[in-house]
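Student: For reference, this is entry-v5.cif, and it has mmCIF, C-alpha atoms.
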```
data_my_file
loop_
_atom_site.label_atom_id
_atom_site.label_comp_id
_atom_site.auth_asym_id
_atom_site.auth_seq_id
_atom_site.Cartn_x
_atom_site.Cartn_y
_atom_site.Cartn_z
CA MET F 10 161.72 67.41 142.72
CA LYS F 11 163.22 70.62 141.40
CA LEU F 12 164.51 68.75 138.38
CA PHE F 13 160.98 67.40 137.70
CA VAL F 14 159.43 70.89 137.90
CA ALA F 15 162.12 72.33 135.68
CA GLY F 16 161.59 69.54 133.15
CA PHE F 17 157.85 69.98 133.15
CA ALA F 18 158.20 73.76 132.62
CA ALA F 19 160.59 73.10 129.74
CA LEU F 20 158.05 70.81 128.03
CA LEU F 21 155.15 73.32 128.20
CA PRO F 22 156.19 75.33 125.11
CA PHE F 23 156.53 72.10 123.11
CA SER F 24 153.04 70.94 124.14
CA SER F 25 151.61 74.34 123.21
CA VAL F 26 153.27 74.22 119.80
CA THR F 27 152.01 70.65 119.29
CA ALA F 28 148.42 71.65 120.19
CA LYS F 29 148.62 74.62 117.83
CA ARG F 30 149.90 72.45 114.99
CA GLN F 31 147.12 69.95 115.64
CA SER F 32 144.53 72.76 115.49
CA VAL F 33 145.97 74.00 112.20
CA ALA F 34 145.93 70.49 110.79
CA THR F 35 142.32 69.99 111.89
CA PHE F 36 141.24 73.21 110.20
CA ASP F 37 143.13 72.45 107.00
CA ASN F 38 141.59 68.98 106.83
CA PHE F 39 138.02 70.13 107.39
CA HIS F 40 138.44 73.27 105.25
CA GLU F 41 139.37 71.12 102.26
CA LYS F 42 136.18 69.12 102.76
CA PHE F 43 134.22 72.31 103.35
CA LEU F 44 135.25 73.72 99.98
CA ALA F 45 134.13 70.51 98.28
CA THR F 46 130.77 70.06 100.03
CA ALA F 47 129.50 72.97 102.10
CA PRO F 48 128.17 72.67 104.74
CA LEU F 49 130.12 69.86 106.35
CA LYS F 50 128.03 66.78 107.10
CA LEU F 51 128.96 65.80 110.65
CA ASP F 52 128.45 62.86 112.98
CA ASP F 53 129.24 62.43 116.67
CA ALA F 54 132.93 61.74 116.08
CA SER F 55 133.60 64.56 113.61
CA TYR F 56 131.60 66.98 115.79
CA ASP F 57 133.88 66.22 118.75
CA VAL F 58 137.02 66.61 116.66
CA LEU F 59 135.85 69.87 115.11
CA THR F 60 134.77 71.52 118.37
CA THR F 61 137.57 70.32 120.63
CA SER F 62 139.79 73.00 122.20
CA PRO F 63 142.23 74.53 121.54
CA ARG F 64 140.91 76.03 118.29
CA ASP F 65 142.43 78.83 116.27
CA TYR F 66 139.33 78.81 114.07
CA GLY F 67 135.59 79.30 114.49
CA VAL F 68 132.90 76.80 113.59
CA ALA F 69 129.12 77.13 113.36
CA VAL F 70 127.18 73.89 113.74
CA LEU F 71 123.50 73.48 112.95
CA LEU F 72 121.94 70.67 114.98
CA THR F 73 118.79 69.72 113.14
CA ALA F 74 116.26 66.96 112.46
CA LEU F 75 115.31 66.92 108.80
CA GLU F 76 113.50 63.60 108.45
CA ALA F 77 109.72 63.86 108.09
CA ARG F 78 109.10 61.49 111.00
CA PHE F 79 110.41 64.12 113.45
CA GLY F 80 107.91 66.73 112.21
CA CYS F 81 110.36 69.64 112.49
CA THR F 82 108.93 72.21 110.07
CA LEU F 83 111.34 74.92 111.21
CA CYS F 84 114.27 72.59 110.45
CA ARG F 85 113.16 72.09 106.86
CA ASP F 86 112.34 75.80 106.42
CA PHE F 87 115.74 76.98 107.62
CA GLN F 88 117.88 74.34 105.89
CA PRO F 89 117.87 76.06 102.42
CA GLU F 90 119.04 79.33 104.02
CA TRP F 91 121.74 77.49 105.94
CA ASP F 92 122.95 75.84 102.72
CA VAL F 93 123.03 79.23 100.97
CA LEU F 94 125.08 80.74 103.82
CA SER F 95 127.54 77.83 103.92
CA LYS F 96 128.09 77.66 100.17
CA SER F 97 128.45 81.46 99.96
CA TRP F 98 131.08 81.42 102.72
CA ALA F 99 132.98 78.60 101.02
CA LYS F 100 132.85 80.45 97.70
CA GLY F 101 133.97 83.78 99.17
CA ASP F 102 136.69 82.41 101.48
CA LYS F 103 138.47 79.72 99.49
CA LYS F 104 141.82 80.48 101.18
CA GLY F 105 140.35 80.17 104.66
CA SER F 106 141.40 83.66 105.75
CA THR F 107 138.41 84.02 108.09
CA ARG F 108 139.24 80.70 109.79
CA MET F 109 135.55 79.79 109.82
CA LEU F 110 133.74 76.52 109.07
CA PHE F 111 130.08 75.54 108.83
CA GLY F 112 128.67 72.10 109.58
CA THR F 113 125.35 70.29 109.93
CA LEU F 114 124.68 67.57 112.47
CA ASP F 115 121.41 65.73 111.92
CA PHE F 116 119.76 63.96 114.83
CA VAL F 117 120.02 60.64 112.99
CA ASP F 118 123.83 60.98 112.83
CA GLY F 119 124.38 62.66 116.20
CA LYS F 120 122.07 61.20 118.83
CA SER F 121 124.89 61.05 121.39
CA THR F 122 125.69 64.73 120.85
CA PHE F 123 122.04 65.71 121.25
CA GLN F 124 121.90 63.74 124.51
CA LYS F 125 125.20 65.22 125.74
CA LEU F 126 123.94 68.76 125.08
CA MET F 127 120.51 67.84 126.57
CA LEU F 128 118.67 69.20 123.54
CA GLN F 129 114.90 68.67 123.43
CA THR F 130 114.13 70.81 120.37
CA ALA F 131 115.60 71.56 116.96
CA PRO F 132 117.02 73.37 115.11
CA VAL F 133 119.85 74.65 117.33
CA LEU F 134 122.64 76.77 115.88
CA LEU F 135 125.84 76.86 117.94
CA MET F 136 128.73 79.18 117.17
CA PHE F 137 132.10 77.99 118.55
CA PRO F 138 134.47 80.97 118.49
CA PRO F 139 138.27 80.49 118.49
CA THR F 140 139.85 79.67 121.85
CA VAL F 141 143.22 81.11 120.86
CA GLY F 142 144.09 84.22 118.94
CA PRO F 143 142.32 87.62 118.67
CA GLN F 144 138.76 87.86 120.06
CA SER F 145 139.06 84.32 121.36
CA LYS F 146 137.07 82.81 124.22
CA PRO F 147 139.36 80.64 126.33
CA ASP F 148 136.43 78.89 128.00
CA GLY F 149 135.37 77.47 124.64
CA GLN F 150 131.65 77.78 125.40
CA PRO F 151 129.46 78.02 122.26
CA ILE F 152 127.10 80.90 121.51
CA ARG F 153 123.52 79.90 120.71
CA TYR F 154 121.45 81.55 117.97
CA ASP F 155 117.87 82.54 118.78
CA PHE F 156 115.20 80.92 116.58
CA THR F 157 112.20 82.36 118.46
CA GLN F 158 111.22 84.45 115.41
CA GLY F 159 111.23 81.46 113.06
CA ALA F 160 113.50 80.66 110.16
CA GLN F 161 115.77 83.61 109.45
CA PRO F 162 117.32 84.56 106.08
CA ALA F 163 120.94 83.70 105.37
CA GLU F 164 121.93 87.39 105.43
CA GLN F 165 120.79 87.81 109.03
CA VAL F 166 122.59 84.68 110.22
CA ARG F 167 125.74 85.80 108.39
CA ASP F 168 125.70 89.11 110.27
CA TRP F 169 125.29 87.23 113.56
CA VAL F 170 128.27 84.98 112.80
CA SER F 171 130.40 87.93 111.67
CA ARG F 172 129.86 89.73 114.97
CA HIS F 173 131.64 86.91 116.81
CA LEU F 174 134.66 86.78 114.51
CA PRO F 175 137.77 88.99 114.38
CA GLU F 176 137.52 92.23 112.42
CA GLY F 177 137.97 92.00 108.69
CA PRO F 178 136.08 91.40 105.44
CA LYS F 179 133.55 88.58 105.44
CA PRO F 180 132.09 86.72 102.44
CA VAL F 181 128.82 88.03 101.04
CA ILE F 182 125.74 85.95 100.32
CA TYR F 183 125.48 84.50 96.82
CA ARG F 184 122.01 83.22 96.04
CA PRO F 185 121.81 80.77 93.12
CA PHE F 186 119.89 81.91 90.09
CA ASN F 187 116.41 80.39 90.24
CA TYR F 188 115.87 79.12 86.71
CA VAL F 189 112.75 77.19 87.71
CA ARG F 190 111.08 80.38 88.91
CA ILE F 191 111.93 82.22 85.68
CA VAL F 192 110.55 79.36 83.56
CA THR F 193 107.41 79.16 85.71
CA ILE F 194 106.73 82.90 85.52
CA THR F 195 107.36 82.92 81.76
CA THR F 196 105.03 79.96 81.22
CA ILE F 197 102.27 81.56 83.29
CA MET F 198 102.61 84.87 81.45
CA LEU F 199 102.51 83.22 78.03
CA GLY F 200 99.54 81.07 79.08
CA THR F 201 97.71 84.14 80.38
CA ILE F 202 98.37 86.11 77.19
CA THR F 203 97.20 83.18 75.08
CA PHE F 204 94.04 82.70 77.14
CA VAL F 205 93.18 86.41 77.03
CA SER F 206 93.77 86.54 73.25
CA VAL F 207 91.46 83.57 72.62
CA ALA F 208 88.77 84.45 75.15
CA TRP F 209 88.74 88.23 74.63
CA PRO F 210 86.06 88.26 71.89
CA TYR F 211 83.76 86.29 74.20
CA VAL F 212 84.60 88.15 77.40
CA LEU F 213 84.39 91.68 75.99
CA PRO F 214 80.57 91.74 75.65
CA PHE F 215 80.23 90.84 79.35
CA ILE F 216 82.74 93.48 80.40
CA GLN F 217 80.90 96.15 78.36
CA ASN F 218 77.46 95.10 79.61
CA ARG F 219 75.95 98.07 81.50
CA ASN F 220 73.36 95.94 83.26
CA LEU F 221 76.05 93.61 84.64
CA TRP F 222 78.03 96.48 86.14
CA ALA F 223 74.85 98.07 87.44
CA ALA F 224 73.90 94.83 89.22
CA ILE F 225 77.42 94.43 90.69
CA SER F 226 77.42 98.04 91.88
CA LEU F 227 73.95 97.72 93.40
CA ILE F 228 74.78 94.47 95.23
CA THR F 229 78.00 95.97 96.58
CA ILE F 230 76.24 99.10 97.79
CA LEU F 231 73.49 97.10 99.49
CA LEU F 232 76.05 94.79 101.08
CA PHE F 233 78.07 97.55 102.70
CA THR F 234 75.28 99.98 103.59
CA SER F 235 73.49 97.20 105.48
CA GLY F 236 76.41 96.71 107.90
CA HIS F 237 78.25 93.71 106.44
CA MET F 238 81.71 95.00 107.43
CA PHE F 239 80.47 95.83 110.94
CA ASN F 240 79.54 92.18 111.41
CA HIS F 241 83.01 90.98 110.35
CA ILE F 242 84.82 93.49 112.55
CA ARG F 243 82.70 93.03 115.68
CA LYS F 244 81.94 89.30 115.21
CA VAL F 245 78.29 89.89 116.09
CA PRO F 246 75.85 87.01 116.83
CA TYR F 247 73.37 85.98 114.18
CA VAL F 248 70.31 86.37 116.47
CA ALA F 249 69.75 86.67 120.22
CA GLY F 250 67.06 85.81 122.73
CA ASP F 251 64.58 88.46 123.85
CA GLY F 252 64.50 87.25 127.45
CA LYS F 253 60.97 85.90 127.09
CA GLY F 254 61.74 82.66 125.31
CA GLY F 255 61.57 84.22 121.85
CA ILE F 256 64.10 85.49 119.33
CA SER F 257 65.16 89.09 118.87
CA TYR F 258 65.96 89.94 115.26
CA PHE F 259 66.98 93.57 115.83
CA ALA F 260 69.43 94.86 118.43
CA GLY F 261 68.57 98.10 120.19
CA GLY F 262 70.94 101.04 119.81
CA PHE F 263 73.08 102.23 116.94
CA SER F 264 76.25 100.52 118.17
CA ASN F 265 74.77 96.99 118.12
CA GLN F 266 73.28 94.74 115.46
CA PHE F 267 72.72 91.07 114.63
CA GLY F 268 73.73 89.10 111.57
CA LEU F 269 70.12 88.41 110.54
CA GLU F 270 69.30 92.09 111.04
CA THR F 271 71.88 92.96 108.38
CA GLN F 272 70.27 90.58 105.91
CA ILE F 273 66.77 91.95 106.59
CA VAL F 274 67.95 95.55 106.12
CA ALA F 275 69.78 94.61 102.90
CA ALA F 276 66.60 92.93 101.60
CA MET F 277 64.55 96.06 102.39
CA TYR F 278 67.05 98.29 100.62
CA GLY F 279 67.06 95.89 97.68
CA ILE F 280 63.25 95.96 97.35
CA LEU F 281 63.24 99.77 97.56
CA SER F 282 65.98 99.93 94.91
CA PHE F 283 64.13 97.64 92.49
CA ALA F 284 60.91 99.58 93.05
CA THR F 285 62.65 102.85 92.26
CA ILE F 286 64.33 101.40 89.16
CA ALA F 287 61.00 99.99 87.95
CA LEU F 288 59.21 103.33 88.38
CA ALA F 289 62.04 105.28 86.75
CA LEU F 290 62.94 102.97 83.85
CA LYS F 291 60.42 100.22 83.23
CA VAL F 292 57.03 101.83 83.80
CA PRO F 293 57.57 104.82 81.41
CA ARG F 294 58.28 102.36 78.59
CA MET F 295 54.97 100.53 79.00
CA VAL F 296 52.67 101.14 75.99
CA ASP F 297 49.33 100.20 77.56
CA ALA F 298 48.07 103.06 79.76
CA LYS F 299 46.02 100.82 82.05
CA SER F 300 48.93 98.47 82.65
CA GLN F 301 51.16 101.44 83.28
CA GLN F 302 48.72 102.81 85.87
CA MET F 303 48.53 99.43 87.65
CA ALA F 304 52.34 99.20 87.66
CA VAL F 305 52.63 102.66 89.22
CA ILE F 306 50.08 101.72 91.93
CA LEU F 307 51.83 98.36 92.56
CA TRP F 308 55.38 99.67 92.84
CA GLY F 309 54.21 102.76 94.73
CA SER F 310 52.50 100.50 97.27
CA VAL F 311 55.61 98.37 97.59
CA MET F 312 57.69 101.48 98.29
CA PHE F 313 55.15 102.78 100.84
CA LEU F 314 55.02 99.49 102.75
CA GLN F 315 58.79 99.12 102.72
CA TYR F 316 59.33 102.63 104.03
CA SER F 317 56.75 101.96 106.73
CA PHE F 318 58.60 98.80 107.78
CA LEU F 319 61.95 100.60 107.57
CA LEU F 320 60.74 103.33 109.92
CA SER F 321 59.48 100.71 112.37
CA VAL F 322 62.94 99.11 112.41
CA PHE F 323 64.49 102.53 112.91
CA ARG F 324 62.26 103.08 115.94
CA ILE F 325 63.53 99.79 117.39
CA LYS F 326 67.08 101.03 116.98
CA ASN F 327 66.21 104.47 118.40
CA GLY F 328 63.41 104.25 120.93
CA GLY F 329 63.03 108.03 121.17
CA TYR F 330 62.21 108.50 117.47
CA PRO F 331 58.71 110.08 117.41
CA PHE F 332 57.56 109.43 113.84
CA HIS F 333 56.07 106.39 112.19
CA LEU F 334 54.32 105.48 108.95
CA PRO F 335 51.27 103.19 108.95
CA PRO F 336 50.63 100.29 108.85
CA PHE F 337 53.80 99.22 110.73
#
```
Can the structure from this file be put into structure tokens for me?
Tutor:
Amino acid sequence: MKLFVAGFAALLPFSSVTAKRQSVATFDNFHEKFLATAPLKLDDASYDVLTTSPRDYGVAVLLTALEARFGCTLCRDFQPEWDVLSKSWAKGDKKGSTRMLFGTLDFVDGKSTFQKLMLQTAPVLLMFPPTVGPQSKPDGQPIRYDFTQGAQPAEQVRDWVSRHLPEGPKPVIYRPFNYVRIVTITTIMLGTITFVSVAWPYVLPFIQNRNLWAAISLITILLFTSGHMFNHIRKVPYVAGDGKGGISYFAGGFSNQFGLETQIVAAMYGILSFATIALALKVPRMVDAKSQQMAVILWGSVMFLQYSFLLSVFRIKNGGYPFHLPPF
């Protein structure tokens, strides 16, 4: 019995050395593939080999479902950032000094792994830190990245991975130059310049038209002074019942209003504005004195009736207002 125990104790160092050599060989094998095609494309078998303890290296595995039939939008949104991170790490650590690998396991290639891990959602990013060496975790349990805030940029995921690795320099993110974007922006700019150059002689008269800008300004003023923004902010109803089977078009109080009320007030302001403009600009230019007199009486009457109606609406909004203007 003593001889058996002594023999077993003598074999322990050899088994440890063998396991360490196997770990080194596993890393060297996968690192060579990683440099060629980052990230590593995994299946159930390669996932087991890569994540088996003991490990003197770290590995980050993205478990995803990229096919359209799975409907994983987050998977497809994050995949480009994951590719950027993996390729940047391979480019910045060609000698493997960080002892870190990156792999992708799609659901189509790793159904058994998904079932073994009892995963119901994707993507899932697992970081397997080293089980031997500095800052190792002997239990070999992976660390899971949080995707609750959606797809994260490659820089943020890199910082998360670096926090779980031994101290030392880590590769930086290299984003590929987007030639398509440059060509697209250049084409749009040249097209815009060409369109403006051709259309400018035709557009300039409209831009310099005083009546056009006056109309735009007047419509904008009427729109906002009538309470349009209040309706959008408060989400007010269009009309409301009056409690007697009828419809109430105006809401009592200054802190309430209806959608139709805003349109009625805007129409009143518009009529008053056109009446004022007609009396100030159009009527003085009339040559016939009798026609001019009739126009003054007509537009003056319109202004009088509109002010009368406006005061009646104001009294609805403020029941204590003592003044009114006939006939309303």
Student: So the first atom is CA of Gly177 (chain F) and the second is CA of Trp98 (chain F); what is the distance between them in Å, to one decimal place?
Tutor: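 Taking CA of Gly177 (chain F) as the start and CA of Trp98 (chain F) as the end point, the length is 14.0 Å.
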Student: Translate the PyMOL selection byres ((chain F and resi 280) around 12) into a concrete residue list for this structure, as a ChimeraX atom specification.
Tutor: /F:227-228,231,273-279,281-287,308-316,318-319
Student: Store the residues picked out above in a file with C-alpha atoms, as a JSON list (two decimals), in the coordinates of the input.
Tutor:
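File produced: out-v7.json:
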```json
[["chain", "number", "residue", "atom", "x", "y", "z"],
["F", 227, "LEU", "CA", 73.95, 97.72, 93.40],
["F", 228, "ILE", "CA", 74.78, 94.47, 95.23],
["F", 231, "LEU", "CA", 73.49, 97.10, 99.49],
["F", 273, "ILE", "CA", 66.77, 91.95, 106.59],
["F", 274, "VAL", "CA", 67.95, 95.55, 106.12],
["F", 275, "ALA", "CA", 69.78, 94.61, 102.90],
["F", 276, "ALA", "CA", 66.60, 92.93, 101.60],
["F", 277, "MET", "CA", 64.55, 96.06, 102.39],
["F", 278, "TYR", "CA", 67.05, 98.29, 100.62],
["F", 279, "GLY", "CA", 67.06, 95.89, 97.68],
["F", 281, "LEU", "CA", 63.24, 99.77, 97.56],
["F", 282, "SER", "CA", 65.98, 99.93, 94.91],
["F", 283, "PHE", "CA", 64.13, 97.64, 92.49],
["F", 284, "ALA", "CA", 60.91, 99.58, 93.05],
["F", 285, "THR", "CA", 62.65, 102.85, 92.26],
["F", 286, "ILE", "CA", 64.33, 101.40, 89.16],
["F", 287, "ALA", "CA", 61.00, 99.99, 87.95],
["F", 308, "TRP", "CA", 55.38, 99.67, 92.84],
["F", 309, "GLY", "CA", 54.21, 102.76, 94.73],
["F", 310, "SER", "CA", 52.50, 100.50, 97.27],
["F", 311, "VAL", "CA", 55.61, 98.37, 97.59],
["F", 312, "MET", "CA", 57.69, 101.48, 98.29],
["F", 313, "PHE", "CA", 55.15, 102.78, 100.84],
["F", 314, "LEU", "CA", 55.02, 99.49, 102.75],
["F", 315, "GLN", "CA", 58.79, 99.12, 102.72],
["F", 316, "TYR", "CA", 59.33, 102.63, 104.03],
["F", 318, "PHE", "CA", 58.60, 98.80, 107.78],
["F", 319, "LEU", "CA", 61.95, 100.60, 107.57]]
```
Student: Between F:Glu41, F:Ser321, F:Val117, F:Leu59, which one has atoms that come closest to Leu75 (chain F), using only C-alpha atoms?
Tutor: F:Val117
Student: If we count only C-alpha atoms and set the cut-off at 7 Å, which residues sit around Val141 (chain F), ignoring sequence neighbours fewer than 3 positions away in its own chain? Please answer as a count of residues only.
Tutor: 5
Student: Tell me, as a PyMOL selection string, which residues lie within 12 Å of Ser171 (chain F), counting only C-alpha atoms; anything in the same chain fewer than 4 positions away does not count.
Tutor: chain F and resi 67-69+94+98+107-109+136+138+144+164-167+175-181
Student: With distances taken over only C-alpha atoms, which of F:Pro162, F:Gly255, F:Gly142, F:Gly112 is nearest to Phe39 (chain F)?
Tutor: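 Closest to Phe39 (chain F) of all the choices is F:Gly112.
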Student: Expressed in Å to a single decimal, how great is the separation between CA of Phe337 (chain F) and CA of Gly261 (chain F)?
Tutor: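 For CA of Phe337 (chain F) relative to CA of Gly261 (chain F), the distance reads 17.6 Å.
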Student: How many Å separate CA of Leu71 (chain F) from CA of Ala99 (chain F)?
Tutor: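 Computed distance, CA of Leu71 (chain F) to CA of Ala99 (chain F), equals 16.1 Å.
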Student: When you count all atoms listed in the file, which of these residues is closest to Tyr66 (chain F): F:Lys146, F:Lys120, F:Lys103, F:Lys96?
Tutor: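 Distance minimum relative to Tyr66 (chain F) lands on F:Lys146.
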Student: Given the choices F:Phe137, F:Phe43, F:Phe259, F:Tyr188, which gets closest to Arg324 (chain F) if the distance is worked out from only C-alpha atoms?
Tutor: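 Checking each candidate against Arg324 (chain F), we get F:Phe259 as the closest.
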Student: Selected by the PyMOL selection byres ((chain F and resi 325-330) around 9) in the shown coordinates: which residues, as a PyMOL selection string?
Tutor: chain F and resi 259-263+265-266+320-324+331-333
Student: Go through F:Glu90, F:Asp155, F:Glu76, F:Asp37 and flag the residue nearest Leu110 (chain F), using all atoms listed in the file for the distances.
Tutor: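 Among the listed residues, the smallest separation from Leu110 (chain F) belongs to F:Asp37.
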Student: Counting all atoms listed in the file, which of F:Ile230, F:Thr61, F:Phe215, F:Ala289 gets nearest to Thr35 (chain F)?
Tutor: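 With all atoms listed in the file as the atom set, the closest residue is F:Thr61.
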Student: List the residues selected by the PyMOL selection byres ((chain F and resi 83-89) around 8) in the file shown, writing them as a list in words.
Tutor: Thr73, Ala74, Leu75, Cys81, Thr82, Glu90, Trp91, Asp92, Val93, Ala131, Pro132, Gly159, Ala160, Gln161 and Pro162 of chain F
Student: Mind checking which residues fall within 12 Å of Asp57 (chain F), counting all atoms listed in the file, ignoring those fewer than 3 positions away in the same chain, and posting them as a VMD selection string?
Tutor: chain F and resid 35 51 to 54 60 to 62 68 70 114 119 121 to 122 125 137
Student: Could you give me region 56-68 of chain F completed to N, CA and C atoms, formatted as a JSON list (two decimals), keeping the file's coordinate frame?
Tutor:
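Output file result_0.json is given in full below:
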```
[["chain", "number", "residue", "atom", "x", "y", "z"],
["F", 56, "TYR", "N", 132.02, 65.82, 114.97],
["F", 56, "TYR", "CA", 131.60, 66.98, 115.79],
["F", 56, "TYR", "C", 132.58, 67.18, 116.94],
["F", 57, "ASP", "N", 132.95, 66.10, 117.62],
["F", 57, "ASP", "CA", 133.88, 66.22, 118.75],
["F", 57, "ASP", "C", 135.24, 66.71, 118.29],
["F", 58, "VAL", "N", 135.72, 66.19, 117.17],
["F", 58, "VAL", "CA", 137.02, 66.61, 116.66],
["F", 58, "VAL", "C", 137.00, 68.09, 116.28],
["F", 59, "LEU", "N", 135.93, 68.50, 115.62],
["F", 59, "LEU", "CA", 135.85, 69.87, 115.11],
["F", 59, "LEU", "C", 135.70, 70.90, 116.21],
["F", 60, "THR", "N", 135.06, 70.55, 117.30],
["F", 60, "THR", "CA", 134.77, 71.52, 118.37],
["F", 60, "THR", "C", 135.69, 71.40, 119.57],
["F", 61, "THR", "N", 136.66, 70.50, 119.50],
["F", 61, "THR", "CA", 137.57, 70.32, 120.63],
["F", 61, "THR", "C", 138.54, 71.49, 120.74],
["F", 62, "SER", "N", 138.80, 71.94, 121.96],
["F", 62, "SER", "CA", 139.79, 73.00, 122.20],
["F", 62, "SER", "C", 141.18, 72.38, 122.32],
["F", 63, "PRO", "N", 142.25, 73.14, 121.99],
["F", 63, "PRO", "CA", 142.23, 74.53, 121.54],
["F", 63, "PRO", "C", 141.90, 74.64, 120.05],
["F", 64, "ARG", "N", 141.28, 75.77, 119.69],
["F", 64, "ARG", "CA", 140.91, 76.03, 118.29],
["F", 64, "ARG", "C", 141.41, 77.42, 117.91],
["F", 65, "ASP", "N", 142.07, 77.51, 116.80],
["F", 65, "ASP", "CA", 142.43, 78.83, 116.27],
["F", 65, "ASP", "C", 141.48, 79.21, 115.14],
["F", 66, "TYR", "N", 140.34, 78.57, 115.09],
["F", 66, "TYR", "CA", 139.33, 78.81, 114.07],
["F", 66, "TYR", "C", 137.95, 78.81, 114.73],
["F", 67, "GLY", "N", 136.97, 79.34, 114.03],
["F", 67, "GLY", "CA", 135.59, 79.30, 114.49],
["F", 67, "GLY", "C", 134.79, 78.29, 113.69],
["F", 68, "VAL", "N", 133.75, 77.77, 114.29],
["F", 68, "VAL", "CA", 132.90, 76.80, 113.59],
["F", 68, "VAL", "C", 131.45, 77.01, 114.04]]
```
